[in-house]
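K.L.:
So I've got this file, work.csv, and it contains CSV, C-alpha atoms:
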```
chain,number,residue,atom,x,y,z
W,1,MET,CA,42.1,-24.7,21.5
W,2,ASN,CA,38.7,-26.3,20.8
W,3,ASN,CA,37.2,-24.6,23.9
W,4,LYS,CA,38.6,-21.3,22.8
W,5,PHE,CA,36.9,-21.7,19.4
W,6,SER,CA,33.5,-22.6,21.0
W,7,LEU,CA,33.9,-19.6,23.3
W,8,PHE,CA,34.7,-17.4,20.4
W,9,VAL,CA,31.6,-18.6,18.4
W,10,ILE,CA,29.4,-18.1,21.5
W,11,ILE,CA,30.7,-14.6,22.1
W,12,ILE,CA,30.2,-13.7,18.4
W,13,PHE,CA,26.7,-15.1,18.4
W,14,LEU,CA,25.7,-13.3,21.7
W,15,SER,CA,27.2,-10.0,20.4
W,16,PHE,CA,25.2,-10.4,17.2
W,17,CYS,CA,22.0,-11.1,19.1
W,18,PHE,CA,22.7,-8.1,21.4
W,19,VAL,CA,23.2,-5.8,18.4
W,20,ILE,CA,20.0,-7.1,16.7
W,21,PHE,CA,17.9,-6.7,19.9
W,22,TYR,CA,19.4,-3.4,20.8
W,23,LYS,CA,18.6,-2.0,17.3
W,24,GLY,CA,15.1,-3.5,17.7
W,25,LEU,CA,14.6,-1.7,21.0
W,26,ASN,CA,15.5,1.6,19.5
W,27,THR,CA,13.0,1.2,16.6
W,28,PRO,CA,9.4,1.8,17.5
W,29,ASN,CA,7.2,-1.2,16.8
W,30,THR,CA,4.3,0.9,15.4
W,31,TYR,CA,4.2,1.2,11.7
W,32,THR,CA,5.2,4.6,10.3
W,33,PRO,CA,4.5,4.9,6.5
W,34,MET,CA,7.3,6.0,4.2
W,35,VAL,CA,5.8,9.4,3.6
W,36,ASN,CA,8.5,11.2,1.8
W,37,ASP,CA,9.3,8.8,-0.9
W,38,LYS,CA,9.1,10.5,-4.3
W,39,LYS,CA,6.6,8.8,-6.5
W,40,ASN,CA,5.0,9.7,-9.8
W,41,ILE,CA,1.3,10.3,-9.8
W,42,PRO,CA,-0.7,7.3,-10.7
W,43,ALA,CA,-2.5,7.2,-14.1
W,44,PHE,CA,-6.2,6.9,-13.4
W,45,LYS,CA,-9.7,7.7,-14.6
W,46,ALA,CA,-12.2,9.1,-12.2
W,47,LYS,CA,-15.7,10.6,-12.1
W,48,ASP,CA,-16.0,14.3,-11.7
W,49,PHE,CA,-18.1,15.3,-8.7
W,50,TYR,CA,-20.2,17.9,-10.5
W,51,SER,CA,-20.4,16.8,-14.1
W,52,ASN,CA,-20.4,13.0,-13.3
W,53,ASN,CA,-18.2,12.5,-16.4
W,54,TYR,CA,-15.0,10.5,-16.4
W,55,VAL,CA,-11.8,12.5,-16.5
W,56,ASN,CA,-8.2,11.2,-17.1
W,57,SER,CA,-5.5,12.0,-14.6
W,58,ASP,CA,-3.3,13.7,-17.3
W,59,LYS,CA,-6.2,16.2,-17.9
W,60,ILE,CA,-6.5,16.9,-14.2
W,61,PHE,CA,-2.8,17.6,-13.7
W,62,GLU,CA,-2.1,19.3,-17.0
W,63,GLU,CA,-0.9,22.7,-15.8
W,64,ASN,CA,2.7,23.4,-14.9
W,65,ILE,CA,2.1,24.2,-11.3
W,66,PHE,CA,2.0,22.5,-7.9
W,67,TYR,CA,-1.0,20.5,-6.9
W,68,ILE,CA,-2.4,19.3,-3.6
W,69,VAL,CA,-4.5,16.2,-3.6
W,70,ASN,CA,-6.7,16.0,-0.5
W,71,ILE,CA,-8.8,13.0,0.3
W,72,TRP,CA,-11.9,14.0,2.3
W,73,ALA,CA,-15.4,12.9,3.2
W,74,SER,CA,-18.3,14.7,4.8
W,75,TRP,CA,-18.5,12.0,7.5
W,76,CYS,CA,-14.9,12.6,8.5
W,77,VAL,CA,-14.6,14.8,11.6
W,78,PRO,CA,-10.8,15.7,11.2
W,79,CYS,CA,-11.6,16.8,7.6
W,80,ARG,CA,-13.7,19.7,9.1
W,81,ALA,CA,-10.8,20.7,11.3
W,82,GLU,CA,-8.4,21.0,8.3
W,83,HIS,CA,-10.9,22.5,5.9
W,84,PRO,CA,-10.1,26.2,6.8
W,85,LEU,CA,-6.4,25.5,6.1
W,86,LEU,CA,-7.3,24.1,2.7
W,87,MET,CA,-9.3,27.2,2.0
W,88,GLU,CA,-6.2,29.2,2.9
W,89,LEU,CA,-4.0,27.2,0.6
W,90,SER,CA,-6.5,27.4,-2.3
W,91,LYS,CA,-6.1,31.2,-2.3
W,92,ASN,CA,-2.4,30.7,-3.4
W,93,GLN,CA,-2.1,31.3,-7.2
W,94,SER,CA,0.8,28.8,-7.6
W,95,ILE,CA,-1.1,25.8,-6.4
W,96,LYS,CA,-4.3,24.0,-7.2
W,97,VAL,CA,-6.2,21.8,-4.7
W,98,ILE,CA,-7.8,18.7,-6.0
W,99,GLY,CA,-10.3,16.9,-3.8
W,100,ILE,CA,-11.0,13.2,-3.7
W,101,ASN,CA,-14.4,12.6,-2.1
W,102,TYR,CA,-13.9,9.2,-0.3
W,103,ARG,CA,-16.7,6.7,0.2
W,104,ASP,CA,-19.3,9.5,0.6
W,105,ASN,CA,-22.9,10.3,-0.1
W,106,PHE,CA,-23.2,12.9,-2.8
W,107,ASN,CA,-25.8,15.1,-1.0
W,108,ASN,CA,-23.9,15.1,2.2
W,109,ALA,CA,-20.6,16.0,0.4
W,110,LYS,CA,-22.4,18.8,-1.4
W,111,LYS,CA,-23.8,20.1,1.9
W,112,PHE,CA,-20.3,19.9,3.4
W,113,ILE,CA,-18.9,22.1,0.6
W,114,GLY,CA,-21.8,24.4,0.9
W,115,ASP,CA,-21.4,24.9,4.6
W,116,PHE,CA,-17.6,25.1,4.8
W,117,GLY,CA,-16.6,26.5,1.4
W,118,ASN,CA,-15.0,24.9,-1.6
W,119,PRO,CA,-11.2,25.0,-1.7
W,120,TYR,CA,-11.1,22.5,-4.6
W,121,SER,CA,-10.6,23.4,-8.2
W,122,ARG,CA,-11.9,19.9,-9.0
W,123,ILE,CA,-13.5,17.2,-7.0
W,124,LEU,CA,-13.2,13.5,-8.0
W,125,ILE,CA,-15.5,10.8,-6.7
W,126,ASP,CA,-13.9,7.7,-5.0
W,127,LYS,CA,-17.0,5.6,-4.2
W,128,ASP,CA,-15.2,2.4,-3.3
W,129,GLY,CA,-11.8,3.8,-2.0
W,130,THR,CA,-9.8,2.3,-4.9
W,131,LEU,CA,-8.7,5.7,-6.2
W,132,GLY,CA,-7.2,6.4,-2.7
W,133,ILE,CA,-5.3,3.1,-3.0
W,134,GLU,CA,-3.9,4.2,-6.3
W,135,PHE,CA,-2.4,7.2,-4.4
W,136,GLY,CA,-1.2,4.9,-1.6
W,137,ALA,CA,-3.6,6.3,0.9
W,138,TYR,CA,-4.7,4.7,4.2
W,139,GLY,CA,-7.9,6.5,4.7
W,140,VAL,CA,-9.3,10.0,5.3
W,141,PRO,CA,-8.1,12.7,5.6
W,142,GLU,CA,-4.8,12.5,3.7
W,143,THR,CA,-3.0,15.1,1.7
W,144,PHE,CA,-0.4,14.8,-1.1
W,145,LEU,CA,1.8,17.5,-2.5
W,146,ILE,CA,2.6,17.1,-6.2
W,147,ASP,CA,5.4,19.1,-7.8
W,148,LYS,CA,5.7,20.5,-11.4
W,149,ASN,CA,7.3,17.2,-12.6
W,150,LYS,CA,4.1,15.4,-11.5
W,151,ASP,CA,5.8,13.6,-8.6
W,152,ILE,CA,4.2,13.1,-5.2
W,153,ILE,CA,6.9,14.8,-3.1
W,154,LYS,CA,5.0,14.9,0.3
W,155,LYS,CA,2.3,12.8,1.9
W,156,PHE,CA,0.6,13.9,5.0
W,157,VAL,CA,-1.4,11.2,6.8
W,158,GLY,CA,-4.2,12.7,9.0
W,159,PRO,CA,-5.5,16.2,9.1
W,160,ILE,CA,-3.0,19.0,8.0
W,161,ASN,CA,-2.2,21.7,10.5
W,162,GLN,CA,-0.7,25.2,10.3
W,163,GLU,CA,2.8,23.8,10.5
W,164,ILE,CA,2.2,21.7,7.4
W,165,VAL,CA,0.6,24.6,5.6
W,166,ASN,CA,3.7,26.7,6.3
W,167,GLU,CA,5.9,23.8,5.0
W,168,ILE,CA,3.9,23.5,1.8
W,169,LYS,CA,4.0,27.3,1.3
W,170,LEU,CA,7.8,27.2,1.7
W,171,ILE,CA,8.1,24.4,-0.9
W,172,ILE,CA,6.0,26.1,-3.5
W,173,LYS,CA,7.6,29.5,-3.1
Z,174,MET,CA,-29.9,-37.4,-31.4
Z,175,LYS,CA,-26.2,-38.1,-31.4
Z,176,ILE,CA,-25.5,-34.5,-32.4
Z,177,LEU,CA,-27.7,-33.4,-29.5
Z,178,LYS,CA,-25.7,-35.6,-27.1
Z,179,ILE,CA,-22.4,-34.2,-28.3
Z,180,PHE,CA,-23.8,-30.7,-28.0
Z,181,ILE,CA,-24.9,-31.3,-24.4
Z,182,VAL,CA,-21.5,-32.8,-23.5
Z,183,LEU,CA,-19.7,-29.8,-25.1
Z,184,PHE,CA,-22.0,-27.4,-23.3
Z,185,LEU,CA,-21.3,-29.1,-19.9
Z,186,VAL,CA,-17.6,-29.2,-20.5
Z,187,THR,CA,-17.3,-25.6,-21.5
Z,188,ASN,CA,-19.4,-24.5,-18.5
Z,189,PHE,CA,-17.4,-26.6,-16.1
Z,190,SER,CA,-14.2,-25.2,-17.3
Z,191,GLU,CA,-15.6,-21.7,-16.8
Z,192,LEU,CA,-16.5,-22.5,-13.3
Z,193,ARG,CA,-13.0,-23.9,-12.7
Z,194,SER,CA,-11.3,-20.7,-13.9
Z,195,ASP,CA,-13.5,-18.7,-11.5
Z,196,GLU,CA,-12.5,-21.0,-8.7
Z,197,ILE,CA,-8.9,-20.7,-9.6
Z,198,ASN,CA,-9.2,-16.9,-9.5
Z,199,ASP,CA,-10.9,-17.1,-6.1
Z,200,VAL,CA,-8.2,-19.4,-4.7
Z,201,LEU,CA,-5.5,-17.0,-6.1
Z,202,LYS,CA,-7.4,-13.9,-4.7
Z,203,ASN,CA,-7.6,-15.5,-1.2
Z,204,LYS,CA,-4.0,-16.5,-1.3
Z,205,ILE,CA,-2.9,-13.0,-2.2
Z,206,LEU,CA,-5.3,-11.3,0.4
Z,207,LYS,CA,-3.9,-13.6,3.2
Z,208,ASN,CA,-0.4,-12.4,2.3
Z,209,ILE,CA,-1.3,-8.7,2.5
Z,210,ARG,CA,-1.1,-6.9,5.8
Z,211,CYS,CA,-4.0,-4.6,6.7
Z,212,LEU,CA,-1.9,-1.5,7.5
Z,213,ILE,CA,-4.5,0.2,9.6
Z,214,CYS,CA,-5.5,-2.9,11.6
Z,215,GLN,CA,-3.7,-4.6,14.5
Z,216,GLY,CA,-2.2,-7.9,13.4
Z,217,GLN,CA,-4.8,-8.7,10.7
Z,218,SER,CA,-4.4,-9.6,7.1
Z,219,VAL,CA,-6.5,-7.9,4.5
Z,220,TYR,CA,-8.4,-11.2,4.1
Z,221,ASP,CA,-9.4,-11.2,7.8
Z,222,SER,CA,-10.2,-7.5,8.0
Z,223,GLU,CA,-13.5,-5.7,7.3
Z,224,SER,CA,-12.0,-2.2,7.5
Z,225,GLU,CA,-12.5,0.3,4.7
Z,226,PHE,CA,-8.8,0.0,3.7
Z,227,ALA,CA,-9.1,-3.8,3.5
Z,228,SER,CA,-12.2,-3.7,1.5
Z,229,SER,CA,-10.6,-1.3,-1.0
Z,230,ILE,CA,-7.6,-3.5,-1.3
Z,231,LYS,CA,-9.9,-6.5,-1.9
Z,232,LEU,CA,-11.5,-4.6,-4.8
Z,233,ILE,CA,-8.2,-3.6,-6.2
Z,234,VAL,CA,-6.8,-7.2,-6.1
Z,235,ASP,CA,-10.0,-8.5,-7.7
Z,236,ARG,CA,-9.6,-5.9,-10.4
Z,237,LYS,CA,-6.0,-6.7,-11.0
Z,238,ILE,CA,-6.6,-10.4,-11.3
Z,239,ASN,CA,-9.4,-9.8,-13.8
Z,240,GLU,CA,-7.0,-7.5,-15.8
Z,241,GLY,CA,-4.7,-10.6,-16.0
Z,242,LEU,CA,-2.0,-9.5,-13.6
Z,243,LYS,CA,0.1,-12.3,-12.0
Z,244,GLU,CA,0.5,-12.7,-8.3
Z,245,LYS,CA,4.0,-11.2,-8.2
Z,246,GLN,CA,2.8,-8.2,-10.3
Z,247,ILE,CA,0.0,-7.5,-7.8
Z,248,TYR,CA,2.5,-7.7,-4.9
Z,249,GLN,CA,4.8,-5.3,-6.8
Z,250,PHE,CA,1.9,-2.9,-7.4
Z,251,LEU,CA,1.1,-2.8,-3.7
Z,252,ARG,CA,4.8,-2.6,-2.7
Z,253,GLU,CA,5.2,0.5,-5.0
Z,254,LYS,CA,2.2,2.1,-3.2
Z,255,TYR,CA,2.9,1.1,0.4
Z,256,GLY,CA,6.4,-0.3,0.7
Z,257,ASP,CA,7.6,-3.8,1.6
Z,258,TRP,CA,5.7,-3.8,4.9
Z,259,ILE,CA,2.3,-4.5,3.2
Z,260,ILE,CA,3.4,-8.0,2.1
Z,261,TYR,CA,3.8,-10.6,4.9
Z,262,SER,CA,6.5,-12.6,3.1
Z,263,PRO,CA,9.3,-10.0,2.4
Z,264,GLN,CA,11.5,-10.1,-0.7
Z,265,LEU,CA,15.3,-10.4,-0.5
Z,266,SER,CA,16.5,-6.8,-0.4
Z,267,LYS,CA,19.2,-4.8,1.4
Z,268,ASN,CA,16.8,-4.4,4.3
Z,269,THR,CA,15.9,-8.0,4.6
Z,270,TYR,CA,19.1,-9.9,3.8
Z,271,ILE,CA,19.8,-10.7,7.4
Z,272,LEU,CA,16.4,-12.2,7.8
Z,273,TRP,CA,16.9,-14.5,4.8
Z,274,LEU,CA,20.6,-15.3,5.4
Z,275,LEU,CA,20.6,-15.8,9.1
Z,276,PRO,CA,19.0,-19.2,9.1
Z,277,ILE,CA,21.5,-20.4,6.5
Z,278,LEU,CA,24.4,-18.9,8.5
Z,279,LEU,CA,23.2,-20.6,11.7
Z,280,PHE,CA,22.7,-23.9,9.8
Z,281,LEU,CA,26.3,-23.7,8.5
Z,282,ILE,CA,27.7,-22.8,11.9
Z,283,GLY,CA,25.8,-25.7,13.4
Z,284,GLY,CA,27.1,-28.0,10.7
Z,285,VAL,CA,30.7,-26.9,11.4
Z,286,ILE,CA,30.3,-27.5,15.1
Z,287,ILE,CA,28.8,-31.0,14.5
Z,288,GLN,CA,31.5,-31.9,12.1
Z,289,LYS,CA,34.2,-30.8,14.6
Z,290,LYS,CA,32.5,-32.9,17.3
Z,291,ILE,CA,32.4,-36.0,15.0
Z,292,GLN,CA,36.0,-35.5,13.9
Z,293,LYS,CA,37.0,-35.2,17.6
Z,294,LYS,CA,35.1,-38.4,18.4
Z,295,ASN,CA,36.8,-40.3,15.5
Z,296,GLU,CA,40.2,-39.1,16.6
Z,297,LYS,CA,39.6,-40.6,20.0
```
Let me see the structure of the file written as structure tokens.

P.N.:
Amino acid sequence: MNNKFSLFVIIIFLSFCFVIFYKGLNTPNTYTPMVNDKKNIPAFKAKDFYSNNYVNSDKIFEENIFYIVNIWASWCVPCRAEHPLLMELSKNQSIKVIGINYRDNFNNAKKFIGDFGNPYSRILIDKDGTLGIEFGAYGVPETFLIDKNKDIIKKFVGPINQEIVNEIKLIIK
Amino acid sequence: MKILKIFIVLFLVTNFSELRSDEINDVLKNKILKNIRCLICQGQSVYDSESEFASSIKLIVDRKINEGLKEKQIYQFLREKYGDWIIYSPQLSKNTYILWLLPILLFLIGGVIIQKKIQKKNEK
């Protein structure tokens, strides 16, 4: 009886370990951020790129339309690759693209915009990267899609591609 | 002269207490930073990392401490932005209950086995 009980406990324990390890093997050990969690946009105050005045987030997102927030920098190579796609998105009337210039030099950033075009209806300065943290960003480039309820409904880590642009267009339709 | 002495003592006491509060903030800041995972680094805490992400987090934590936020509130703020993964010591939630309850369960099972063995020994 006692032996049967011990055997039962051991079998249960081993099966438990097996399930845990089996589940562990199936999950990749690299961290993938929770990108599709709906979150409200953070309340913040940031410096405007051109006027150098502080603006409140409620002033930036005051219109009842979709917004794209794109974190970029002139020193960021993937940002150059995604820039034409942002230009394409900026032509859409039902969306506004807001740029967050991340840890950049003002003149370099201005030259970048001059060379590649300006898809942003407003650019904010994030000198120390803390504004990016408010959005839950990891670095550059990163893009957030904000709906009419001012919720962040999509987060794209890394440069956007044509597939993502199509996805955004489908959502804002 | 006596008044001057009292004044000097008061001056020193108030200055020392100011230094202490700074020190307390530094200790708290370091404690928090050691418990935050640098999400873009390999196995490093924000405290150990020099990456841009880590330096921004350090600034945010510093700012939040100065705003008067408590340790738990700062963790909560970061959890809202990045999820549970950013904190090294996870909270008890539906995703982590096995992690928290397993040691207790194993302890209880062990206790039952030991008790059974003792009972068996006593019966003999």

K.L.:
State, in Å with one decimal place, the distance from atom CA of Asn161 of chain W to atom CA of Ser228 of chain Z.

P.N.:
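Distance reported for this atom pair: 28.7 Å.
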
K.L.:
Taking all atoms listed in the file into account, report as a PyMOL selection string which residues of chain Z lie within 8 Å of chain W.

P.N.:
chain Z and resi 212-213+225-226+229-230+232-233+254-256

K.L.:
Hey, can you check how far atom CA of Asp151 of chain W sits from atom CA of Gln246 of chain Z?

P.N.:
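So the two atoms, atom CA of Asp151 of chain W and atom CA of Gln246 of chain Z, lie 22.1 Å apart.
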
K.L.:
What is the atom CA of Phe49 of chain W to atom CA of Ile95 of chain W distance in Å?

P.N.:
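Atom CA of Phe49 of chain W sits 20.1 Å away from atom CA of Ile95 of chain W.
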
K.L.:
Which is closest to Ile171 of chain W among W:Ser121, W:Ile68, W:Ile10, W:His83, if we use only C-alpha atoms?

P.N.:
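Nearest to Ile171 of chain W: W:Ile68.
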
K.L.:
Residues at most 10 Å from Ile65 of chain W, counting all atoms listed in the file, excluding those fewer than 5 positions away in the same chain, as a PyMOL selection string?

P.N.:
chain W and resi 93-96+146-150+172

K.L.:
Near Lys243 of chain Z, counting only C-alpha atoms, which residues have an atom at most 12 Å away, once you skip same-chain residues fewer than 5 positions from it, shown as JSON, numbers by chain?

P.N.:
{"Z": [198, 201, 202, 205, 234, 235, 236, 237, 238, 248, 249, 250]}

K.L.:
Set the distance at 8 Å and use all atoms listed in the file: which residues neighbour Leu145 of chain W once local chain neighbours fewer than 5 positions away are removed? I'd like the list as a PDB file with C-alpha atoms, in the coordinates of the input.

P.N.:
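selection-v1.pdb, written as the output of this step:
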```
ATOM      1  CA  PHE W  66       2.000  22.500  -7.900  1.00  0.00           C
ATOM      2  CA  TYR W  67      -1.000  20.500  -6.900  1.00  0.00           C
ATOM      3  CA  ILE W  68      -2.400  19.300  -3.600  1.00  0.00           C
ATOM      4  CA  VAL W  69      -4.500  16.200  -3.600  1.00  0.00           C
ATOM      5  CA  ILE W 152       4.200  13.100  -5.200  1.00  0.00           C
ATOM      6  CA  ILE W 153       6.900  14.800  -3.100  1.00  0.00           C
ATOM      7  CA  LYS W 154       5.000  14.900   0.300  1.00  0.00           C
ATOM      8  CA  LYS W 155       2.300  12.800   1.900  1.00  0.00           C
ATOM      9  CA  ILE W 168       3.900  23.500   1.800  1.00  0.00           C
TER      10      ILE W 168
END
```

K.L.:
Would you mind listing what lies within 10 Å of Ser262 of chain Z as a ChimeraX atom specification, with all atoms listed in the file counted and same-chain residues fewer than 5 positions away left out?

P.N.:
/Z:208-210,257

K.L.:
I want to know what sits within 12 Å of Lys290 of chain Z, based on all atoms listed in the file, with residues of the same chain fewer than 5 positions away left out; could you give that as a ChimeraX atom specification?

P.N.:
/W:2-3,6 /Z:283-285,295-297

K.L.:
Would you please work out which residue, of W:Val19, W:Val157, W:Leu89, W:Ile12, is nearest to Leu170 of chain W when using only C-alpha atoms?

P.N.:
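Distance minimum relative to Leu170 of chain W lands on W:Leu89.
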
K.L.:
Rank nothing, just name the residue among W:Ser74, W:Asn52, W:Asn40, W:Asn166 nearest to Gly114 of chain W, using only C-alpha atoms.

P.N.:
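Closest candidate: W:Ser74.
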